[in-house]
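To be precise, the following lines are entry-v3.tsv, and they hold TSV, C-alpha atoms.
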```tsv
chain	number	residue	atom	x	y	z
A	82	MET	CA	74.20	98.44	94.99
A	83	LYS	CA	76.88	97.15	97.33
A	84	ASN	CA	77.53	93.76	98.86
A	85	ASP	CA	77.08	93.21	102.57
A	86	TYR	CA	78.93	90.84	104.93
A	87	ARG	CA	77.21	87.77	103.45
A	88	ALA	CA	79.13	88.07	100.18
A	89	ARG	CA	82.41	88.33	102.09
A	90	ASN	CA	81.80	85.53	104.53
A	91	HIS	CA	84.38	83.00	103.32
A	92	PRO	CA	87.84	81.91	104.57
A	93	ALA	CA	89.88	83.80	101.95
A	94	TYR	CA	88.22	87.07	102.96
A	95	TRP	CA	88.83	86.31	106.64
A	96	ALA	CA	92.48	85.83	105.65
A	97	PHE	CA	92.49	89.27	104.01
A	98	LEU	CA	91.00	90.85	107.15
A	99	THR	CA	93.48	89.03	109.40
A	100	HIS	CA	96.38	90.22	107.26
A	101	ARG	CA	95.16	93.81	107.14
A	102	ILE	CA	94.25	94.10	110.83
A	103	SER	CA	97.45	92.38	112.04
A	104	GLY	CA	99.47	94.70	109.78
A	105	VAL	CA	97.81	97.84	111.18
A	106	LEU	CA	98.19	96.67	114.81
A	107	LEU	CA	101.86	95.77	114.29
A	108	THR	CA	102.49	99.19	112.74
A	109	LEU	CA	100.89	100.82	115.79
A	110	PHE	CA	103.13	98.73	118.04
A	111	LEU	CA	106.34	99.70	116.22
A	112	PRO	CA	106.87	103.08	117.99
A	113	LEU	CA	106.53	101.31	121.36
A	114	HIS	CA	109.04	98.71	120.22
A	115	PHE	CA	111.58	101.38	119.22
A	116	TRP	CA	111.01	103.22	122.50
A	117	ALA	CA	111.76	100.02	124.42
A	118	LEU	CA	114.95	99.46	122.40
A	119	GLY	CA	115.84	103.12	122.88
A	120	ASN	CA	115.83	102.54	126.65
A	121	ALA	CA	119.01	100.49	126.24
A	122	LEU	CA	120.80	103.67	125.11
A	123	HIS	CA	120.03	105.30	128.47
A	124	GLY	CA	121.93	102.69	130.47
A	125	GLU	CA	121.50	99.22	131.77
A	126	ALA	CA	119.41	100.19	134.81
A	127	LYS	CA	116.65	101.83	132.81
A	128	LEU	CA	116.39	98.88	130.44
A	129	GLU	CA	116.49	96.45	133.36
A	130	SER	CA	113.60	98.17	135.12
A	131	PHE	CA	111.61	98.13	131.88
A	132	LEU	CA	112.32	94.42	131.40
A	133	ARG	CA	111.21	93.71	135.00
A	134	TRP	CA	108.00	95.66	134.35
A	135	SER	CA	107.42	93.54	131.24
A	136	ASP	CA	107.40	90.37	133.37
A	137	GLN	CA	103.86	91.14	134.55
A	138	PRO	CA	101.23	88.60	133.39
A	139	LEU	CA	99.23	91.19	131.47
A	140	VAL	CA	102.31	92.36	129.57
A	141	LYS	CA	103.26	88.75	128.88
A	142	PHE	CA	99.76	88.24	127.45
A	143	GLY	CA	100.37	91.28	125.26
A	144	GLU	CA	103.66	89.78	124.10
A	145	TRP	CA	101.87	86.55	123.21
A	146	ALA	CA	99.30	88.53	121.22
A	147	LEU	CA	102.14	90.25	119.38
A	148	VAL	CA	103.76	86.92	118.54
A	149	LEU	CA	100.41	85.67	117.21
A	150	LEU	CA	99.95	88.84	115.13
A	151	LEU	CA	103.48	88.60	113.73
A	152	ALA	CA	103.09	84.91	112.90
A	153	ALA	CA	99.70	85.49	111.25
A	154	HIS	CA	101.02	88.44	109.25
A	155	MET	CA	104.11	86.57	108.14
A	156	ALA	CA	102.34	83.30	107.25
A	157	GLY	CA	99.58	85.29	105.48
A	158	GLY	CA	102.24	87.22	103.56
A	159	VAL	CA	104.00	84.06	102.45
A	160	ARG	CA	100.63	82.68	101.33
A	161	LEU	CA	99.98	85.81	99.25
A	162	LEU	CA	103.43	85.63	97.66
A	163	MET	CA	102.82	81.99	96.77
A	164	LEU	CA	99.40	82.82	95.27
A	165	GLU	CA	100.88	85.64	93.23
A	166	PHE	CA	104.16	84.11	92.09
A	167	LEU	CA	103.27	80.45	91.53
A	168	ASP	CA	100.88	79.01	88.98
A	169	TRP	CA	97.44	78.13	90.35
A	170	ARG	CA	97.28	74.58	91.68
A	171	ASP	CA	94.62	72.40	93.30
A	172	TRP	CA	96.08	73.22	96.70
A	173	SER	CA	96.24	76.98	96.20
A	174	LYS	CA	93.11	77.58	98.28
A	175	THR	CA	94.41	75.17	100.94
A	176	LEU	CA	97.45	77.41	101.51
A	177	LEU	CA	95.16	79.34	103.81
A	178	ALA	CA	94.81	76.37	106.16
A	179	GLY	CA	98.61	76.03	106.18
A	180	ALA	CA	99.06	79.72	107.04
A	181	ALA	CA	96.50	79.48	109.86
A	182	GLY	CA	98.18	76.32	111.16
A	183	VAL	CA	101.64	77.91	111.18
A	184	SER	CA	100.33	81.00	113.04
A	185	VAL	CA	98.63	78.93	115.73
A	186	ALA	CA	101.68	76.64	116.07
A	187	VAL	CA	104.05	79.59	116.55
A	188	ALA	CA	101.73	81.17	119.14
A	189	LEU	CA	101.48	77.84	121.02
A	190	LEU	CA	105.27	77.41	120.97
A	191	PHE	CA	105.62	80.84	122.56
A	192	LEU	CA	103.10	79.87	125.26
A	193	LEU	CA	105.01	76.65	125.95
A	194	ASN	CA	108.22	78.65	126.35
A	195	LEU	CA	106.50	80.89	128.90
A	196	ALA	CA	105.27	77.96	130.95
B	77	MET	CA	60.00	71.71	104.38
B	78	ALA	CA	57.31	74.37	104.92
B	79	ALA	CA	54.44	74.60	102.43
B	80	MET	CA	55.23	78.20	101.53
B	81	LEU	CA	58.44	80.15	100.95
B	82	LYS	CA	58.74	83.72	102.14
B	83	VAL	CA	60.47	85.59	99.31
B	84	LYS	CA	61.72	89.17	99.39
B	85	ILE	CA	62.41	90.57	95.92
B	86	TRP	CA	64.05	93.91	95.08
B	87	ARG	CA	61.64	96.24	93.28
B	88	GLY	CA	62.66	99.52	91.66
B	89	ALA	CA	65.97	100.75	90.32
B	90	GLU	CA	68.93	101.96	92.45
B	91	ALA	CA	66.33	103.47	94.74
B	92	GLY	CA	63.76	100.89	95.63
B	93	GLN	CA	62.78	98.41	98.32
B	94	PHE	CA	62.23	94.74	98.94
B	95	GLN	CA	58.70	93.45	98.45
B	96	GLU	CA	57.51	90.23	100.07
B	97	TYR	CA	55.78	87.37	98.28
B	98	GLU	CA	54.65	83.91	99.31
B	99	VAL	CA	55.56	81.15	96.89
B	100	PRO	CA	54.61	77.46	97.17
B	101	ARG	CA	57.61	75.32	98.09
B	102	LEU	CA	58.27	72.45	95.67
B	103	GLU	CA	60.69	69.56	95.43
B	104	SER	CA	63.88	70.36	93.40
B	105	GLN	CA	62.77	73.97	92.98
B	106	THR	CA	65.37	76.46	91.76
B	107	VAL	CA	65.57	80.13	92.68
B	108	LEU	CA	64.80	80.95	89.03
B	109	ASP	CA	61.60	78.86	89.36
B	110	VAL	CA	60.63	81.04	92.30
B	111	VAL	CA	61.24	84.31	90.42
B	112	THR	CA	59.33	82.96	87.41
B	113	TYR	CA	56.41	81.94	89.66
B	114	VAL	CA	56.22	85.44	91.10
B	115	GLN	CA	56.26	87.04	87.65
B	116	ARG	CA	53.75	84.63	86.07
B	117	ARG	CA	51.32	84.24	88.96
B	118	LEU	CA	51.68	87.10	91.41
B	119	ASP	CA	53.09	90.22	89.77
B	120	PRO	CA	53.60	90.41	85.98
B	121	SER	CA	55.40	93.75	86.30
B	122	LEU	CA	58.51	92.05	87.79
B	123	ALA	CA	61.55	92.53	85.52
B	124	TYR	CA	64.26	89.85	85.41
B	125	ARG	CA	66.51	88.20	82.86
B	126	PHE	CA	67.02	84.56	81.89
B	127	ALA	CA	67.36	82.45	78.77
B	128	CYS	CA	68.62	78.86	78.91
B	129	ARG	CA	67.58	77.78	82.45
B	130	VAL	CA	70.41	75.22	82.54
B	131	GLY	CA	73.64	77.08	83.32
B	132	VAL	CA	74.80	77.67	79.78
B	133	CYS	CA	73.97	81.31	79.04
B	134	GLY	CA	74.75	83.00	82.37
B	135	SER	CA	71.99	85.61	82.05
B	136	CYS	CA	70.02	84.73	85.20
B	137	ALA	CA	72.72	85.73	87.72
B	138	MET	CA	71.31	87.57	90.75
B	139	THR	CA	72.12	88.13	94.41
B	140	VAL	CA	70.46	85.40	96.47
B	141	ASN	CA	70.57	85.81	100.24
B	142	GLY	CA	73.46	88.23	99.82
B	143	VAL	CA	75.57	86.07	97.50
B	144	SER	CA	75.84	86.38	93.71
B	145	ARG	CA	74.80	83.17	91.95
B	146	TRP	CA	73.18	81.69	88.87
B	147	THR	CA	69.56	81.37	89.96
B	148	CYS	CA	68.90	78.54	87.48
B	149	ARG	CA	71.52	76.31	89.09
B	150	THR	CA	70.73	77.20	92.68
B	151	HIS	CA	68.30	74.89	94.41
B	152	VAL	CA	66.08	76.60	96.95
B	153	SER	CA	66.88	73.81	99.42
B	154	LYS	CA	70.57	74.81	99.30
B	155	VAL	CA	70.11	78.46	100.16
B	156	ALA	CA	66.83	78.78	102.07
B	157	ALA	CA	67.31	76.56	105.08
B	158	ASP	CA	64.73	78.60	107.02
B	159	ASP	CA	62.32	78.98	104.07
B	160	HIS	CA	63.32	82.61	103.52
B	161	LEU	CA	64.79	83.95	100.29
B	162	GLU	CA	66.07	87.43	99.52
B	163	ILE	CA	66.57	88.03	95.81
B	164	ALA	CA	68.27	91.19	94.55
B	165	PRO	CA	70.00	92.27	91.34
B	166	LEU	CA	73.73	91.74	90.80
B	167	ARG	CA	75.96	94.19	92.71
B	168	ASN	CA	78.42	96.71	91.26
B	169	LEU	CA	76.21	97.27	88.20
B	170	PRO	CA	73.54	99.92	87.58
B	171	VAL	CA	70.07	98.51	88.17
B	172	ILE	CA	67.68	99.04	85.24
B	173	ARG	CA	64.63	97.72	87.02
B	174	ASP	CA	63.98	95.11	89.70
B	175	LEU	CA	66.36	92.19	89.05
B	176	ALA	CA	67.74	93.35	85.70
B	177	THR	CA	71.08	95.18	85.65
B	178	ASP	CA	72.76	97.21	82.93
B	179	MET	CA	75.78	95.10	81.97
B	180	ARG	CA	77.27	97.42	79.37
B	181	GLU	CA	80.06	98.61	81.67
B	182	PHE	CA	80.96	95.01	82.48
B	183	PHE	CA	81.34	94.07	78.81
B	184	ASP	CA	83.00	97.38	77.84
B	185	LYS	CA	85.73	96.51	80.32
B	186	TRP	CA	86.43	93.27	78.43
B	187	ALA	CA	87.20	95.44	75.40
B	188	LYS	CA	89.30	97.83	77.52
B	189	ALA	CA	91.35	94.89	78.82
B	190	ARG	CA	92.12	94.08	75.16
B	191	GLY	CA	89.97	90.97	75.33
B	192	GLN	CA	89.88	90.49	71.56
B	193	PHE	CA	92.06	87.96	69.75
B	194	THR	CA	94.46	89.44	67.22
B	195	GLY	CA	95.99	86.94	64.83
B	196	SER	CA	98.46	87.31	61.99
B	197	GLN	CA	97.47	84.35	59.82
B	198	THR	CA	94.86	84.17	57.10
B	199	ARG	CA	92.44	81.37	56.23
B	200	LYS	CA	94.89	80.25	53.58
B	201	ASP	CA	97.57	79.44	56.17
B	202	GLU	CA	97.95	76.10	57.91
B	203	PHE	CA	96.25	75.56	61.28
B	204	ALA	CA	98.39	76.68	64.17
B	205	ALA	CA	99.53	73.66	66.16
B	206	VAL	CA	99.12	74.23	69.90
B	207	LYS	CA	100.08	71.23	71.99
B	208	PRO	CA	97.39	70.37	74.58
B	209	GLU	CA	100.06	69.60	77.17
B	210	SER	CA	101.93	72.89	76.71
B	211	LYS	CA	102.05	75.22	79.73
B	212	GLU	CA	100.30	78.02	77.82
B	213	ARG	CA	97.46	75.81	76.59
B	214	LYS	CA	96.85	74.46	80.10
B	215	ARG	CA	96.63	78.02	81.46
B	216	VAL	CA	94.12	78.90	78.74
B	217	ASP	CA	92.07	75.78	79.52
B	218	ALA	CA	91.84	76.76	83.18
B	219	ALA	CA	89.98	79.99	82.37
B	220	ILE	CA	88.46	79.62	78.90
B	221	GLU	CA	85.05	78.30	80.02
B	222	CYS	CA	83.95	81.72	81.32
B	223	ILE	CA	80.50	82.60	79.96
B	224	GLY	CA	80.45	86.22	81.11
B	225	CYS	CA	77.66	85.92	83.69
B	226	GLY	CA	79.02	88.72	85.88
B	227	VAL	CA	78.95	86.78	89.17
B	228	CYS	CA	82.67	87.46	89.81
B	229	TYR	CA	82.30	91.15	88.94
B	230	SER	CA	79.32	91.43	91.27
B	231	SER	CA	81.22	89.70	94.09
B	232	CYS	CA	84.42	91.74	93.71
B	233	GLU	CA	85.15	94.14	96.54
B	234	VAL	CA	87.74	96.05	94.51
B	235	VAL	CA	85.14	96.94	91.86
B	236	THR	CA	83.05	98.46	94.68
B	237	TRP	CA	86.03	100.43	96.01
B	238	LYS	CA	87.32	101.47	92.61
B	239	PRO	CA	84.59	101.56	89.94
B	240	ASP	CA	87.16	101.91	87.12
B	241	TYR	CA	88.75	98.56	87.99
B	242	LEU	CA	88.53	96.26	84.98
B	243	GLY	CA	87.32	93.41	87.16
B	244	PRO	CA	87.97	89.66	87.39
B	245	ALA	CA	86.21	88.49	84.21
B	246	ALA	CA	87.84	90.98	81.83
B	247	LEU	CA	91.30	90.40	83.33
B	248	SER	CA	90.86	86.63	83.28
B	249	ARG	CA	89.93	86.91	79.59
B	250	ALA	CA	93.07	88.97	78.97
B	251	TRP	CA	95.11	86.24	80.69
B	252	THR	CA	93.76	83.56	78.33
B	253	LEU	CA	94.91	85.72	75.39
B	254	VAL	CA	98.31	86.42	76.96
B	255	ASN	CA	98.74	82.64	76.85
B	256	ASP	CA	97.44	82.34	73.29
B	257	VAL	CA	100.61	81.67	71.31
B	258	ARG	CA	98.88	82.77	68.06
B	259	ASP	CA	98.04	86.26	69.34
B	260	VAL	CA	100.22	89.14	68.12
B	261	ALA	CA	98.93	92.03	70.27
B	262	GLN	CA	100.61	91.03	73.52
B	263	GLN	CA	102.34	94.32	74.27
B	264	GLU	CA	99.18	96.36	73.75
B	265	ARG	CA	97.27	93.92	75.95
B	266	LEU	CA	99.80	94.03	78.77
B	267	ALA	CA	99.84	97.83	78.56
B	268	ALA	CA	96.04	97.83	78.75
B	269	VAL	CA	95.96	95.77	81.96
B	270	ALA	CA	99.01	97.39	83.61
B	271	GLY	CA	97.36	100.66	84.62
B	272	ASP	CA	95.77	101.78	87.89
B	273	ALA	CA	92.49	100.10	87.00
B	274	GLY	CA	94.22	96.92	85.89
B	275	CYS	CA	95.63	93.76	87.43
B	276	HIS	CA	97.70	95.46	90.14
B	277	ALA	CA	94.53	96.78	91.80
B	278	CYS	CA	93.53	93.22	92.79
B	279	HIS	CA	93.78	92.61	96.55
B	280	THR	CA	93.58	88.81	96.29
B	281	HIS	CA	90.38	88.61	98.36
B	282	LEU	CA	89.42	85.63	96.17
B	283	ASN	CA	85.74	86.65	96.19
B	284	CYS	CA	85.66	85.92	92.44
B	285	THR	CA	87.35	82.53	92.84
B	286	GLU	CA	84.99	81.64	95.67
B	287	ARG	CA	81.82	82.53	93.72
B	288	CYS	CA	82.58	81.59	90.10
B	289	PRO	CA	79.90	79.03	89.14
B	290	LYS	CA	82.30	77.51	86.59
B	291	GLY	CA	85.01	76.91	89.18
B	292	ILE	CA	87.41	79.29	87.43
B	293	SER	CA	89.92	81.28	89.47
B	294	PRO	CA	90.16	84.77	87.98
B	295	THR	CA	92.56	85.55	90.86
B	296	ALA	CA	95.00	83.08	89.32
B	297	GLY	CA	94.77	84.82	85.94
B	298	ILE	CA	95.18	88.25	87.52
B	299	ALA	CA	98.28	87.02	89.40
B	300	GLY	CA	99.61	85.71	86.08
B	301	LEU	CA	99.02	89.14	84.50
B	302	LYS	CA	100.89	90.82	87.37
B	303	ARG	CA	103.89	88.58	86.66
B	304	ALA	CA	103.66	89.10	82.89
B	305	VAL	CA	103.43	92.89	83.32
B	306	LEU	CA	106.42	92.89	85.67
B	307	LYS	CA	108.49	90.83	83.23
B	308	ALA	CA	107.55	93.06	80.27
B	309	THR	CA	108.35	96.20	82.29
B	310	LEU	CA	111.77	94.87	83.32
B	311	LYS	CA	112.52	94.03	79.71
B	312	GLY	CA	111.41	97.53	78.68
B	313	GLU	CA	108.67	96.19	76.40
B	314	ILE	CA	105.83	98.26	77.86
```
Turn the structure described in the file into structure tokens.
Amino acid sequence: MKNDYRARNHPAYWAFLTHRISGVLLTLFLPLHFWALGNALHGEAKLESFLRWSDQPLVKFGEWALVLLLAAHMAGGVRLLMLEFLDWRDWSKTLLAGAAGVSVAVALLFLLNLA
Amino acid sequence: MAAMLKVKIWRGAEAGQFQEYEVPRLESQTVLDVVTYVQRRLDPSLAYRFACRVGVCGSCAMTVNGVSRWTCRTHVSKVAADDHLEIAPLRNLPVIRDLATDMREFFDKWAKARGQFTGSQTRKDEFAAVKPESKERKRVDAAIECIGCGVCYSSCEVVTWKPDYLGPAALSRAWTLVNDVRDVAQQERLAAVAGDAGCHACHTHLNCTERCPKGISPTAGIAGLKRAVLKATLKGEI
């Protein structure tokens, strides 16, 4: 018999899901990122028009989501490295709160920069 | 507190269904009390396993409202806020009947993870002196209280994904021996836990750490094994 969601409903599992989902979404975004960078090779005008297009509110929201995903994936990754490479300590489970805090702080900083 | 508890209990083997019972609600009642009431008063054909009733033997572990636990140390008031209980056998293990699982695979994996101590001294030698404050001894202390109840194994997602995976309890046991300075089978042990079904399969979900009734973190031991295996591989020992 298999477990259902009730067995997985705890913060460390949410952290696993966050890390996995953010990783997959960032991978999907990568081709778009390279395409945008590739625009620079086709001259200043093309890149400029793309950058103007990216000033739209919806695109800015997308950028913010990307920053949040990146921050969550990075902070989650650092947490995993610490869990795997350091001896277990009383605060090992609390690392999760730190990673969540860093992700939210980075996303808020980005929002403040937009404003 | 309602006068009666509504209790759904798994009946059958792998194929089966939940059956509903009504059990009188009592003060300080444990989930094991509820199962025992059903078997003694309502349906003597119910199969389940227990021995000590006080959290020493680890044989009464079951899945209570979706979470693996010791039923003897779980008060009904903690898990049945709405007076409903769902009691099922442990996960990731073949069900023999009702709430009793076949735990052979679980214990066989302890042997596969080289969970036996191998010493080199005889009874005629002096006692080995292991300092309580040494790093190795402290690591052993952190995991040595495991009583093999199977709660971590039942909670582990990786065991579900990959049935060959040795699992948290067996690997945690191997970690206590890796830190046993008297043991002389370290290379064989590291080789045994280095394979596809070994420590590197762990995804650090921490389901085992979250559910262990003894407060042990098998994840910590598995991470330690990953480091030990890496070190031994770099040195060309395994």
For this session: Identify, on the basis of only C-alpha atoms, every residue whose closest approach to Val260 of chain B does not exceed 12 Å; exclude the query and any residue fewer than 4 positions from it along the same chain; express the result as a list in words.
Result: Arg190, Gln192, Phe193, Thr194, Gly195, Ser196, Gln197, Leu253, Val254, Asn255, Asp256, Glu264, Arg265 and Leu266 of chain B
Exercise. Near segment 139-144 of chain A, counting all atoms listed in the file, which residues have an atom at most 12 Å away, once you skip same-chain residues fewer than 2 positions from it, shown as a list in words?
Worked result: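 Counting all atoms listed in the file, the residues come to Leu106, Leu107, Phe110, His114, Phe131, Leu132, Arg133, Trp134, Ser135, Asp136, Gln137, Ala146, Leu147, Val148, Leu149, Leu150, Leu151, Ala188, Phe191, Leu192, Asn194, Leu195 and Ala196 of chain A.
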Provide as a PDB file with C-alpha atoms, keeping the file's coordinate frame the residues of chain B at most 6 Å from chain A, counting only C-alpha atoms.
```pdb
ATOM      1  CA  GLY B 142      73.460  88.230  99.820  1.00  0.00           C
ATOM      2  CA  VAL B 143      75.570  86.070  97.500  1.00  0.00           C
ATOM      3  CA  ARG B 167      75.960  94.190  92.710  1.00  0.00           C
ATOM      4  CA  ASN B 168      78.420  96.710  91.260  1.00  0.00           C
ATOM      5  CA  HIS B 281      90.380  88.610  98.360  1.00  0.00           C
ATOM      6  CA  ALA B 296      95.000  83.080  89.320  1.00  0.00           C
ATOM      7  CA  ALA B 299      98.280  87.020  89.400  1.00  0.00           C
TER       8      ALA B 299
END
```
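Closest to Ile102 of chain A among A:Leu122, A:Ala153, A:Ala181, A:Leu128 is A:Ala153, based on all atoms listed in the file.
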Problem set entry | Within 8 Å of file point (56.5, 82.6, 98.1), counting all atoms listed in the file, expressed as a list in words |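 The residues near that point, listed by chain and number, are Met80, Leu81, Lys82, Val83, Glu96, Tyr97, Glu98, Val99, Pro100, Arg101, Val110 and Val114 of chain B.
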Exercise. Nearest to Arg101 of chain A among A:Leu177, A:Ser130, A:Met155, A:Leu113, with distances taken over only C-alpha atoms: which residue is it?
Worked result: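 Ranked by minimum distance to Arg101 of chain A, first place goes to A:Met155.
The residue set within 12 Å of Ala205 of chain B, counting only C-alpha atoms and dropping same-chain residues fewer than 3 places from it, reads Asp201, Glu202, Pro208, Glu209, Ser210, Arg213, Asp256, Val257 and Arg258 of chain B.
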For this session: Tell me, in Å to one decimal, how far atom CA of Arg160 of chain A is from atom CA of Ile314 of chain B.
Result: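 These atoms are spaced 28.6 Å apart.
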